[in-house]
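Below is structure_12.cif, which holds mmCIF, C-alpha atoms.
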```
data_input
loop_
_atom_site.label_atom_id
_atom_site.label_comp_id
_atom_site.auth_asym_id
_atom_site.auth_seq_id
_atom_site.Cartn_x
_atom_site.Cartn_y
_atom_site.Cartn_z
CA MET A 1 0.00 0.00 0.00
CA ARG A 2 2.83 2.39 0.90
CA ARG A 3 4.59 1.58 -2.38
CA MET A 4 1.40 2.39 -4.31
CA PHE A 5 1.02 5.83 -2.73
CA MET A 6 4.72 6.63 -3.04
CA ALA A 7 4.56 5.78 -6.74
CA ALA A 8 1.65 8.18 -6.99
CA VAL A 9 3.77 10.87 -5.35
CA VAL A 10 6.42 10.39 -8.00
CA LEU A 11 3.74 10.64 -10.69
CA ALA A 12 2.62 13.92 -9.17
CA GLY A 13 6.16 15.26 -9.30
CA ALA A 14 6.73 15.51 -5.54
CA SER A 15 10.38 15.72 -4.53
CA ALA A 16 12.20 13.03 -2.58
CA ALA A 17 12.85 15.56 0.17
CA LEU A 18 9.15 16.21 0.63
CA ILE A 19 8.41 12.50 0.73
CA GLY A 20 11.08 11.94 3.32
CA SER A 21 10.37 14.93 5.55
CA CYS A 22 6.62 15.56 5.50
CA ALA A 23 5.15 12.13 4.84
CA GLU A 24 7.78 10.05 6.59
CA GLY A 25 6.22 7.83 9.24
CA ILE A 26 2.67 8.47 8.02
CA VAL A 27 0.78 5.34 7.02
CA PRO A 28 -0.87 6.07 3.67
CA PRO A 29 -4.68 5.86 3.76
CA GLU A 30 -6.36 2.98 1.98
CA PRO A 31 -6.87 3.81 -1.71
CA THR A 32 -10.53 4.13 -2.63
CA GLU A 33 -12.03 1.01 -4.14
CA MET A 34 -13.27 1.58 -7.68
CA VAL A 35 -16.26 0.21 -9.59
CA GLU A 36 -15.81 -0.66 -13.24
CA ILE A 37 -18.42 0.61 -15.70
CA LYS A 38 -18.33 -1.63 -18.77
CA THR A 39 -21.99 -1.93 -19.77
CA GLY A 40 -24.69 0.55 -20.68
CA LEU A 41 -22.10 2.81 -22.27
CA THR A 42 -24.59 4.09 -24.86
CA PHE A 43 -27.18 6.22 -23.10
CA ASP A 44 -29.28 9.36 -23.41
CA PHE A 45 -27.33 12.30 -22.00
CA GLY A 46 -29.12 15.29 -20.51
CA PRO A 47 -32.71 15.77 -19.36
CA PRO A 48 -35.61 14.43 -21.46
CA GLY A 49 -37.55 17.63 -20.82
CA PRO A 50 -37.87 20.52 -18.38
CA CYS A 51 -37.78 19.87 -14.66
CA VAL A 52 -41.09 21.41 -13.65
CA GLY A 53 -42.16 19.35 -10.67
CA ASP A 54 -41.74 16.18 -8.71
CA GLY A 55 -41.63 13.34 -11.21
CA SER A 56 -43.27 15.32 -14.01
CA THR A 57 -42.02 14.90 -17.57
CA ASP A 58 -44.69 17.06 -19.17
CA PRO A 59 -43.19 20.40 -20.28
CA CYS A 60 -46.67 21.92 -20.29
CA ASP A 61 -47.30 21.02 -16.66
CA VAL A 62 -46.00 24.25 -15.22
CA SER A 63 -47.66 27.27 -13.66
CA GLY A 64 -48.34 30.03 -16.18
CA GLY A 65 -46.97 27.98 -19.04
CA LYS A 66 -43.43 29.30 -18.53
CA VAL A 67 -40.97 26.48 -19.04
CA PRO A 68 -37.54 26.34 -17.31
CA THR A 69 -34.41 26.53 -19.41
CA THR A 70 -33.97 23.14 -21.05
CA TYR A 71 -31.56 21.71 -23.58
CA PRO A 72 -32.14 18.72 -25.84
CA GLN A 73 -31.18 15.22 -24.82
CA VAL A 74 -28.66 13.40 -27.02
CA GLN A 75 -27.53 9.80 -27.35
CA VAL A 76 -23.83 9.31 -26.58
CA THR A 77 -21.45 6.35 -26.38
CA ILE A 78 -18.51 6.53 -23.99
CA PRO A 79 -15.50 4.24 -23.40
CA ALA A 80 -15.39 1.90 -20.40
CA PHE A 81 -14.12 3.48 -17.19
CA ALA A 82 -13.91 3.00 -13.43
CA ILE A 83 -15.08 5.42 -10.74
CA ASP A 84 -14.43 5.74 -7.01
CA LYS A 85 -17.02 4.16 -4.74
CA HIS A 86 -17.06 7.28 -2.59
CA GLU A 87 -15.84 10.84 -2.46
CA VAL A 88 -12.23 11.58 -1.54
CA THR A 89 -11.92 11.86 2.24
CA ASN A 90 -10.26 14.45 4.44
CA LEU A 91 -7.68 11.85 5.51
CA GLN A 92 -6.80 10.87 1.94
CA TYR A 93 -6.41 14.49 0.93
CA GLU A 94 -4.34 15.33 4.04
CA TYR A 95 -1.88 12.61 3.08
CA CYS A 96 -1.55 14.08 -0.41
CA VAL A 97 -0.73 17.45 1.19
CA ALA A 98 1.85 15.88 3.52
CA ALA A 99 3.49 14.09 0.58
CA GLY A 100 3.72 17.27 -1.46
CA GLY A 101 1.21 16.34 -4.14
CA CYS A 102 -1.58 18.67 -2.98
CA THR A 103 -2.10 21.99 -1.25
CA ASP A 104 -4.33 22.69 1.74
CA PRO A 105 -7.96 23.72 1.17
CA PRO A 106 -8.41 27.48 1.54
CA PHE A 107 -10.95 26.95 4.34
CA ASP A 108 -11.32 24.38 7.14
CA ASN A 109 -15.08 24.61 7.68
CA ALA A 110 -18.00 22.65 6.26
CA VAL A 111 -21.56 23.97 5.91
CA ALA A 112 -23.16 22.99 9.23
CA THR A 113 -22.49 24.80 12.49
CA GLU A 114 -21.58 21.45 14.04
CA GLN A 115 -18.89 20.92 11.39
CA GLN A 116 -17.11 24.26 11.44
CA ASP A 117 -13.83 22.67 12.61
CA TYR A 118 -13.88 20.09 9.84
CA TYR A 119 -10.70 19.67 7.82
CA GLY A 120 -7.70 18.29 9.71
CA ARG A 121 -9.78 17.03 12.66
CA GLY A 122 -9.57 13.32 13.42
CA ARG A 123 -13.28 12.83 13.94
CA PHE A 124 -13.98 13.91 10.36
CA GLU A 125 -11.15 12.04 8.65
CA GLN A 126 -13.54 9.65 6.87
CA PHE A 127 -15.81 12.46 5.67
CA PRO A 128 -15.60 14.00 2.18
CA VAL A 129 -13.04 16.74 1.77
CA VAL A 130 -14.70 20.01 0.71
CA ASN A 131 -13.55 23.56 -0.01
CA ILE A 132 -11.37 22.08 -2.74
CA THR A 133 -10.89 23.95 -6.01
CA TRP A 134 -11.14 22.16 -9.34
CA ASP A 135 -7.39 22.60 -9.73
CA GLN A 136 -6.77 20.94 -6.36
CA ALA A 137 -9.17 18.09 -7.10
CA SER A 138 -7.45 17.43 -10.41
CA ALA A 139 -4.04 17.45 -8.72
CA TYR A 140 -5.17 14.91 -6.13
CA CYS A 141 -6.52 12.50 -8.74
CA GLU A 142 -3.24 12.75 -10.65
CA PHE A 143 -1.38 12.09 -7.38
CA VAL A 144 -3.12 8.72 -6.98
CA GLY A 145 -2.77 7.79 -10.66
CA LYS A 146 -6.34 8.66 -11.61
CA ARG A 147 -8.26 11.63 -13.05
CA LEU A 148 -11.49 13.48 -12.48
CA PRO A 149 -14.52 11.90 -14.19
CA ASN A 150 -16.03 13.87 -17.03
CA GLU A 151 -19.71 14.76 -16.80
CA PHE A 152 -20.74 12.07 -19.29
CA GLU A 153 -19.22 9.40 -17.05
CA TRP A 154 -20.73 10.95 -13.93
CA GLU A 155 -24.20 11.05 -15.47
CA ARG A 156 -23.95 7.50 -16.77
CA VAL A 157 -23.27 6.23 -13.23
CA ALA A 158 -26.07 8.39 -11.83
CA LYS A 159 -28.62 7.15 -14.36
CA GLY A 160 -27.57 3.50 -14.24
CA PRO A 161 -27.03 0.83 -16.91
CA ASP A 162 -30.68 0.49 -17.97
CA ARG A 163 -31.11 3.00 -20.78
CA ALA A 164 -34.83 2.30 -21.05
CA ASN A 165 -35.37 3.09 -17.35
CA PRO A 166 -32.76 5.60 -16.20
CA ARG A 167 -32.75 6.73 -12.58
CA LEU A 168 -34.41 10.13 -12.19
CA TYR A 169 -32.45 10.59 -8.96
CA PRO A 170 -29.07 8.97 -8.24
CA ALA A 171 -30.19 7.14 -5.12
CA GLU A 172 -31.72 3.68 -4.95
CA GLY A 173 -35.35 3.84 -3.90
CA VAL A 174 -35.86 7.56 -4.61
CA LYS A 175 -38.46 7.62 -7.35
CA LYS A 176 -40.01 10.95 -6.41
CA LEU A 177 -39.18 13.62 -3.89
CA SER A 178 -42.03 12.62 -1.60
CA ASP A 179 -39.79 9.60 -0.90
CA CYS A 180 -37.32 12.07 0.53
CA PHE A 181 -38.47 15.50 1.74
CA GLY A 182 -40.99 15.50 4.54
CA THR A 183 -40.18 11.95 5.60
CA ASP A 184 -37.76 10.26 7.93
CA PHE A 185 -35.34 9.60 5.10
CA PRO A 186 -31.65 9.29 6.10
CA VAL A 187 -30.16 11.19 3.17
CA SER A 188 -28.20 14.38 3.75
CA ALA A 189 -29.96 16.22 0.91
CA CYS A 190 -33.37 15.59 2.52
CA ARG A 191 -32.77 16.17 6.22
CA ASN A 192 -32.50 19.97 6.11
CA ASP A 193 -29.63 19.85 8.61
CA THR A 194 -26.69 20.54 6.20
CA LEU A 195 -24.58 17.89 7.94
CA LEU A 196 -22.12 15.98 5.78
CA ASP A 197 -22.01 12.21 6.27
CA ALA A 198 -19.01 9.90 6.43
CA VAL A 199 -18.28 8.40 3.03
CA ASP A 200 -19.33 4.91 4.15
CA ASN A 201 -22.52 6.11 5.86
CA ALA A 202 -25.00 5.75 3.00
CA PRO A 203 -27.99 3.61 4.01
CA ARG A 204 -30.08 5.01 1.13
CA ASP A 205 -27.82 7.47 -0.70
CA PHE A 206 -26.17 5.05 -3.12
CA VAL A 207 -26.54 3.56 -6.59
CA THR A 208 -25.72 -0.03 -7.48
CA GLU A 209 -23.49 -1.13 -10.33
CA ASN A 210 -22.57 -4.80 -10.83
CA GLY A 211 -23.66 -5.53 -7.27
CA GLN A 212 -21.43 -2.81 -5.82
CA ASN A 213 -22.55 0.39 -4.14
CA ILE A 214 -21.40 3.83 -5.25
CA ASN A 215 -22.17 6.29 -2.47
CA HIS A 216 -23.39 9.87 -2.20
CA MET A 217 -24.17 11.08 -5.70
CA PHE A 218 -27.58 12.32 -4.51
CA GLY A 219 -26.64 14.16 -1.32
CA ASN A 220 -23.58 14.91 0.83
CA ALA A 221 -21.14 17.00 -1.26
CA ALA A 222 -21.63 18.03 -4.87
CA GLU A 223 -18.72 17.01 -7.08
CA TRP A 224 -16.30 18.57 -9.54
CA VAL A 225 -16.10 16.93 -12.98
CA ASP A 226 -13.55 17.42 -15.74
CA THR A 227 -15.77 19.25 -18.21
CA PHE A 228 -16.00 22.92 -19.08
CA TYR A 229 -19.32 24.52 -18.17
CA ALA A 230 -21.55 24.50 -21.24
CA PRO A 231 -25.18 23.67 -20.49
CA SER A 232 -25.96 24.00 -24.18
CA VAL A 233 -23.47 21.28 -25.12
CA THR A 234 -26.24 19.21 -26.73
CA THR A 235 -27.62 22.11 -28.73
CA CYS A 236 -28.50 22.04 -31.61
CA ALA A 237 -29.46 19.35 -34.06
CA GLY A 238 -31.30 21.75 -36.31
CA ASP A 239 -33.17 25.01 -36.61
CA LEU A 240 -36.37 25.60 -34.72
CA PRO A 241 -39.44 24.36 -36.64
CA SER A 242 -41.37 27.18 -38.27
CA SER A 243 -44.34 26.44 -36.00
CA CYS A 244 -42.29 27.44 -32.94
CA LYS A 245 -41.71 31.00 -31.88
CA SER A 246 -38.23 32.03 -30.77
CA CYS A 247 -37.64 34.71 -28.14
CA LEU A 248 -35.23 36.24 -30.62
CA ASP A 249 -38.29 37.13 -32.68
CA CYS A 250 -39.19 39.63 -29.96
CA GLU A 251 -36.16 41.84 -30.59
CA GLY A 252 -37.03 45.22 -32.07
CA LEU A 253 -40.63 45.07 -30.86
CA SER A 254 -42.05 47.34 -28.19
CA GLY A 255 -45.06 47.85 -25.97
CA THR A 256 -47.93 45.37 -26.04
CA GLU A 257 -46.57 43.68 -29.13
CA GLN A 258 -43.25 42.88 -27.40
CA THR A 259 -44.99 41.73 -24.22
CA GLN A 260 -47.25 39.39 -26.16
CA CYS A 261 -44.29 38.00 -28.10
CA GLN A 262 -42.33 37.32 -24.92
CA GLN A 263 -45.29 35.53 -23.38
CA GLU A 264 -45.75 33.35 -26.44
CA CYS A 265 -42.09 32.42 -26.75
CA LYS A 266 -42.13 31.09 -23.20
CA THR A 267 -45.48 29.34 -23.37
CA CYS A 268 -45.87 25.65 -24.05
CA GLY A 269 -48.23 25.56 -26.97
CA ASP A 270 -49.03 23.27 -29.87
CA CYS A 271 -45.48 23.34 -31.15
CA ALA A 272 -43.93 20.39 -32.99
CA GLN A 273 -42.83 19.24 -36.39
CA ASP A 274 -43.42 16.07 -38.39
CA GLY A 275 -46.87 15.54 -36.95
CA GLY A 276 -45.77 16.05 -33.38
CA SER A 277 -42.80 13.67 -33.34
CA VAL A 278 -40.25 16.34 -32.36
CA SER A 279 -41.00 18.76 -29.55
CA CYS A 280 -39.70 22.29 -29.31
CA PHE A 281 -37.24 23.14 -26.56
CA TYR A 282 -37.92 26.39 -24.76
CA LEU A 283 -34.57 27.89 -23.86
CA CYS A 284 -35.28 31.43 -22.73
CA GLU A 285 -36.77 31.46 -19.26
CA ASP A 286 -35.22 34.92 -18.96
CA THR A 287 -35.61 36.76 -22.27
CA SER A 288 -32.63 38.96 -21.43
CA LEU A 289 -30.41 35.91 -22.01
CA ARG A 290 -31.52 35.81 -25.66
CA THR A 291 -30.89 32.09 -25.80
CA PRO A 292 -31.81 30.59 -29.19
CA PHE A 293 -34.22 27.73 -29.62
CA CYS A 294 -33.45 24.49 -31.40
CA THR A 295 -34.74 20.96 -31.94
CA ALA A 296 -33.59 17.70 -30.42
CA TYR A 297 -31.29 15.24 -32.11
CA PRO A 298 -33.05 12.47 -34.04
CA SER A 299 -33.84 9.44 -31.94
CA GLY A 300 -31.27 6.66 -32.22
CA VAL A 301 -28.48 8.84 -33.60
CA SER A 302 -25.33 8.82 -31.44
CA VAL A 303 -23.16 11.91 -31.19
CA SER A 304 -19.62 11.51 -29.87
CA THR A 305 -18.65 13.31 -26.68
CA GLU A 306 -15.65 14.69 -28.56
CA GLU A 307 -17.98 16.31 -31.08
CA LEU A 308 -20.17 17.74 -28.33
CA THR A 309 -17.24 19.26 -26.44
CA ALA A 310 -14.96 20.17 -29.35
CA ASP A 311 -15.46 23.93 -29.03
CA LEU A 312 -15.67 24.21 -25.24
CA THR A 313 -12.01 25.07 -24.65
CA ASP A 314 -12.32 28.19 -26.80
CA ALA A 315 -14.65 30.02 -24.42
CA PRO A 316 -14.79 28.22 -21.06
CA THR A 317 -16.96 29.84 -18.40
CA GLY A 318 -16.01 27.53 -15.55
CA ARG A 319 -16.00 23.86 -14.65
CA MET A 320 -19.04 21.66 -14.19
CA ILE A 321 -20.28 20.57 -10.76
CA ARG A 322 -22.58 17.56 -10.66
CA GLY A 323 -24.77 15.97 -8.00
CA GLY A 324 -26.89 16.99 -5.05
CA ASN A 325 -25.56 18.34 -1.78
CA VAL A 326 -26.55 19.17 1.78
CA ARG A 327 -27.54 22.77 1.02
CA ILE A 328 -30.35 21.90 -1.39
CA ASN A 329 -33.90 22.46 -0.15
CA GLN A 330 -37.15 21.27 -1.67
CA ALA A 331 -37.51 24.40 -3.79
CA GLN A 332 -34.16 23.55 -5.44
CA ALA A 333 -35.02 19.88 -5.90
CA CYS A 334 -34.26 19.87 -9.64
CA GLN A 335 -30.59 20.00 -8.67
CA LEU A 336 -30.93 16.53 -7.15
CA ARG A 337 -31.74 14.89 -10.48
CA SER A 338 -29.30 12.62 -12.27
CA ASP A 339 -29.35 14.85 -15.36
CA TYR A 340 -29.09 18.33 -13.77
CA ARG A 341 -26.34 20.29 -15.55
CA LEU A 342 -26.60 23.94 -14.52
CA LEU A 343 -24.04 24.20 -11.68
CA ALA A 344 -20.49 25.43 -12.24
CA ALA A 345 -17.67 27.47 -10.74
CA ASP A 346 -14.28 28.81 -11.77
CA ALA A 347 -11.45 26.29 -11.53
CA ASP A 348 -9.81 28.23 -8.70
CA ASP A 349 -13.00 28.65 -6.68
CA SER A 350 -13.94 26.52 -3.68
CA LYS A 351 -17.23 25.87 -1.90
CA PHE A 352 -18.24 24.48 1.50
CA ASN A 353 -20.50 21.92 -0.14
CA VAL A 354 -18.36 20.75 -3.09
CA GLY A 355 -15.94 17.82 -3.04
CA PHE A 356 -14.94 15.25 -5.66
CA ARG A 357 -14.21 11.64 -6.53
CA CYS A 358 -11.78 10.22 -9.07
CA ALA A 359 -12.06 7.98 -12.12
CA LYS A 360 -9.81 6.26 -14.62
CA SER A 361 -10.10 4.87 -18.12
CA LEU A 362 -10.16 1.13 -18.66
#
```
Kindly transcribe the structure held in the file into structure tokens.
Amino acid sequence: MRRMFMAAVVLAGASAALIGSCAEGIVPPEPTEMVEIKTGLTFDFGPPGPCVGDGSTDPCDVSGGKVPTTYPQVQVTIPAFAIDKHEVTNLQYEYCVAAGGCTDPPFDNAVATEQQDYYGRGRFEQFPVVNITWDQASAYCEFVGKRLPNEFEWERVAKGPDRANPRLYPAEGVKKLSDCFGTDFPVSACRNDTLLDAVDNAPRDFVTENGQNINHMFGNAAEWVDTFYAPSVTTCAGDLPSSCKSCLDCEGLSGTEQTQCQQECKTCGDCAQDGGSVSCFYLCEDTSLRTPFCTAYPSGVSVSTEELTADLTDAPTGRMIRGGNVRINQAQACQLRSDYRLLAADADDSKFNVGFRCAKSL
């Protein structure tokens, strides 16, 4: 075990002096067990429609007809990979710091009042490390000979191997939020106490893959992934059908005419092409964003992840964060879904409720 971690130190470029002085005499923590993902590698990435309520998939089922920002779903195929069974712990990260492969988190506190003295305290050593920047998370994964998962891999694990019946929420047994909020449900995202759990304390907050549990993708800490922030990555397969009104059509109008146009462009109406086989996607919840509309990709057509992300490095606006966390309340419940893709932060930013896990290619 020591040889494995020392080899990782060399991979991370740590000097022999650092290994000898700072990490000498420290027993390396157990490396995180990984789960291999070799099946179900073709799946539908992204949400099938707007998140407008608990368990609803009807984009018209929303008060006032105003639909949340939604991007088309797309079929992707990804290579086989392995992912950590749990988030990286405080103890594991502390060892990386001692060995010279990582730097300390900028803050020691977690979210809850009871966990303000969190990082570096023995009683929280098996809890997920938080307040880690994307840069620090990436450095740790390199230190142990792994990498951060990309968001396609993260979502595949969250949704599960059954493409026909993907998990709406990445927790076994959570079919709708009434299974969680308002009940005695031992999941950090549902308790309204903001307490982080130990990485092995997941009586309900886990998904199963090949008979193995992968913990805390639903609650606990949200997680960095190795993908630039681009919620519109699956847009667009084609122009908006002529029967659909774009919010861009409202530019240049004024008064009642503009108001009416803005209402129509955000209203779920009779809007489809080819006899109703392709629905419109309403992408301008806030008309000031001037987000264009588009149609979904044809069913059964796979698009490579390389094609989807080819242009992201030209204008990155941050790094993606996936998964639920202890700060989410019922009003923010869409963030708990397996396909939620609208959280991000700069690579050098850190948050009290964001940690990470590692992955590797097979």
Between CA of His216 (chain A) and CA of Ala171 (chain A), distance in Å (one decimal): 7.9 Å
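Taking CA of Ala98 (chain A) and CA of Phe228 (chain A) as the two end points, the separation is 29.6 Å.
Taking CA of Ala202 (chain A) as the reference point, CA of Ala99 (chain A) is found at 29.8 Å.
Using only C-alpha atoms, the smallest distance between any of A:Asp200, A:Asp162, A:Glu153, A:Asp108 and Lys85 (chain A) comes from A:Asp200.
Among the candidate residues A:Ala198, A:Thr309, A:Val129, A:Ala189, the one lying nearest to Gln335 (chain A) is A:Ala189, with distances computed using all atoms listed in the file.
Among the candidates A:Val326, A:Ala347, A:Val187, A:Ala112, the residue lying nearest to Pro203 (chain A) is A:Val187 (atoms considered: all atoms listed in the file).
Nearest-residue note for Val76 (chain A): choosing from A:Glu24, A:Glu155, A:Glu172, A:Asp346, the minimum distance belongs to A:Glu155, counting all atoms listed in the file.
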Ground truth for the PyMOL selection byres ((chain A and resi 79) around 10), written as a PyMOL selection string: chain A and resi 37-39+41-42+77-78+80-81+153+361-362
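Checking A:Pro29, A:Pro105, A:Gly318, A:Gly355 one by one against Glu125 (chain A), counting all atoms listed in the file, you find the shortest gap at A:Pro29.
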Selection: 6 Å around Phe45 (chain A), all atoms listed in the file, excl. self and same-chain fewer than 6 positions, as number ranges by chain: A: 73-75
Please, could you write that set of residues out with C-alpha atoms as an mmCIF file, in the frame of the given file?
```cif
data_model
loop_
_atom_site.group_PDB
_atom_site.id
_atom_site.type_symbol
_atom_site.label_atom_id
_atom_site.label_comp_id
_atom_site.auth_asym_id
_atom_site.auth_seq_id
_atom_site.Cartn_x
_atom_site.Cartn_y
_atom_site.Cartn_z
ATOM 1 C CA GLN A 73 -31.180 15.220 -24.820
ATOM 2 C CA VAL A 74 -28.660 13.400 -27.020
ATOM 3 C CA GLN A 75 -27.530 9.800 -27.350
#
```
Residues selected by the PyMOL selection byres ((chain A and resi 106) around 9), written as a ChimeraX atom specification: /A:103-105,107-108,131-133,350
Picked residues, the PyMOL selection byres ((chain A and resi 169) around 9), expected as a PDB file with C-alpha atoms, in the coordinates of the input:
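Resulting contents of part-v5.pdb:
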```
ATOM      1  CA  ALA A 158     -26.070   8.390 -11.830  1.00  0.00           C
ATOM      2  CA  LYS A 159     -28.620   7.150 -14.360  1.00  0.00           C
ATOM      3  CA  PRO A 166     -32.760   5.600 -16.200  1.00  0.00           C
ATOM      4  CA  ARG A 167     -32.750   6.730 -12.580  1.00  0.00           C
ATOM      5  CA  LEU A 168     -34.410  10.130 -12.190  1.00  0.00           C
ATOM      6  CA  PRO A 170     -29.070   8.970  -8.240  1.00  0.00           C
ATOM      7  CA  ALA A 171     -30.190   7.140  -5.120  1.00  0.00           C
ATOM      8  CA  GLU A 172     -31.720   3.680  -4.950  1.00  0.00           C
ATOM      9  CA  GLY A 173     -35.350   3.840  -3.900  1.00  0.00           C
ATOM     10  CA  VAL A 174     -35.860   7.560  -4.610  1.00  0.00           C
ATOM     11  CA  LYS A 175     -38.460   7.620  -7.350  1.00  0.00           C
ATOM     12  CA  LYS A 176     -40.010  10.950  -6.410  1.00  0.00           C
ATOM     13  CA  LEU A 177     -39.180  13.620  -3.890  1.00  0.00           C
ATOM     14  CA  MET A 217     -24.170  11.080  -5.700  1.00  0.00           C
ATOM     15  CA  PHE A 218     -27.580  12.320  -4.510  1.00  0.00           C
ATOM     16  CA  LEU A 336     -30.930  16.530  -7.150  1.00  0.00           C
ATOM     17  CA  ARG A 337     -31.740  14.890 -10.480  1.00  0.00           C
ATOM     18  CA  SER A 338     -29.300  12.620 -12.270  1.00  0.00           C
ATOM     19  CA  ASP A 339     -29.350  14.850 -15.360  1.00  0.00           C
TER      20      ASP A 339
END
```
Selected residue of minimal separation from Arg204 (chain A) among A:Cys180, A:Ala221, A:Leu148, A:Val354, counting only C-alpha atoms: A:Cys180
Once you've located region 318-338 of chain A in the structure I gave, write it as a short mmCIF file (atom, residue, chain, number, x, y, z; two decimals), in the first residue's frame, keeping N, CA and C atoms.
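Output contents, as saved in out_32.cif:
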```
data_model
loop_
_atom_site.label_atom_id
_atom_site.label_comp_id
_atom_site.auth_asym_id
_atom_site.auth_seq_id
_atom_site.Cartn_x
_atom_site.Cartn_y
_atom_site.Cartn_z
N GLY A 318 -16.08 28.20 -16.83
CA GLY A 318 -16.01 27.53 -15.55
C GLY A 318 -15.99 26.03 -15.73
N ARG A 319 -15.99 25.31 -14.63
CA ARG A 319 -16.00 23.86 -14.65
C ARG A 319 -17.30 23.34 -14.06
N MET A 320 -17.76 22.22 -14.60
CA MET A 320 -19.04 21.66 -14.19
C MET A 320 -18.95 21.08 -12.78
N ILE A 321 -20.07 21.21 -12.06
CA ILE A 321 -20.28 20.57 -10.76
C ILE A 321 -21.53 19.72 -10.88
N ARG A 322 -21.44 18.46 -10.52
CA ARG A 322 -22.58 17.56 -10.66
C ARG A 322 -22.99 17.01 -9.30
N GLY A 323 -24.27 16.66 -9.18
CA GLY A 323 -24.77 15.97 -8.00
C GLY A 323 -25.43 16.87 -6.98
N GLY A 324 -26.24 16.26 -6.13
CA GLY A 324 -26.89 16.99 -5.05
C GLY A 324 -25.93 17.26 -3.91
N ASN A 325 -26.40 18.03 -2.94
CA ASN A 325 -25.56 18.34 -1.78
C ASN A 325 -26.43 18.76 -0.61
N VAL A 326 -25.81 18.93 0.54
CA VAL A 326 -26.55 19.17 1.78
C VAL A 326 -27.26 20.51 1.83
N ARG A 327 -26.94 21.43 0.95
CA ARG A 327 -27.54 22.77 1.02
C ARG A 327 -28.83 22.88 0.20
N ILE A 328 -29.17 21.84 -0.53
CA ILE A 328 -30.35 21.90 -1.39
C ILE A 328 -31.62 21.72 -0.56
N ASN A 329 -32.60 22.60 -0.80
CA ASN A 329 -33.90 22.46 -0.15
C ASN A 329 -34.92 22.01 -1.20
N GLN A 330 -36.15 21.83 -0.77
CA GLN A 330 -37.15 21.27 -1.67
C GLN A 330 -37.42 22.18 -2.86
N ALA A 331 -37.28 23.48 -2.68
CA ALA A 331 -37.51 24.40 -3.79
C ALA A 331 -36.42 24.28 -4.86
N GLN A 332 -35.27 23.71 -4.49
CA GLN A 332 -34.16 23.55 -5.44
C GLN A 332 -34.03 22.09 -5.88
N ALA A 333 -35.10 21.33 -5.75
CA ALA A 333 -35.02 19.88 -5.90
C ALA A 333 -34.57 19.43 -7.29
N CYS A 334 -34.74 20.27 -8.32
CA CYS A 334 -34.26 19.87 -9.64
C CYS A 334 -32.77 19.57 -9.63
N GLN A 335 -32.03 20.21 -8.73
CA GLN A 335 -30.59 20.00 -8.67
C GLN A 335 -30.23 18.58 -8.20
N LEU A 336 -31.19 17.88 -7.63
CA LEU A 336 -30.93 16.53 -7.15
C LEU A 336 -31.04 15.48 -8.26
N ARG A 337 -31.51 15.87 -9.42
CA ARG A 337 -31.74 14.89 -10.48
C ARG A 337 -30.43 14.42 -11.11
N SER A 338 -30.48 13.21 -11.64
CA SER A 338 -29.30 12.62 -12.27
C SER A 338 -28.82 13.42 -13.47
#
```
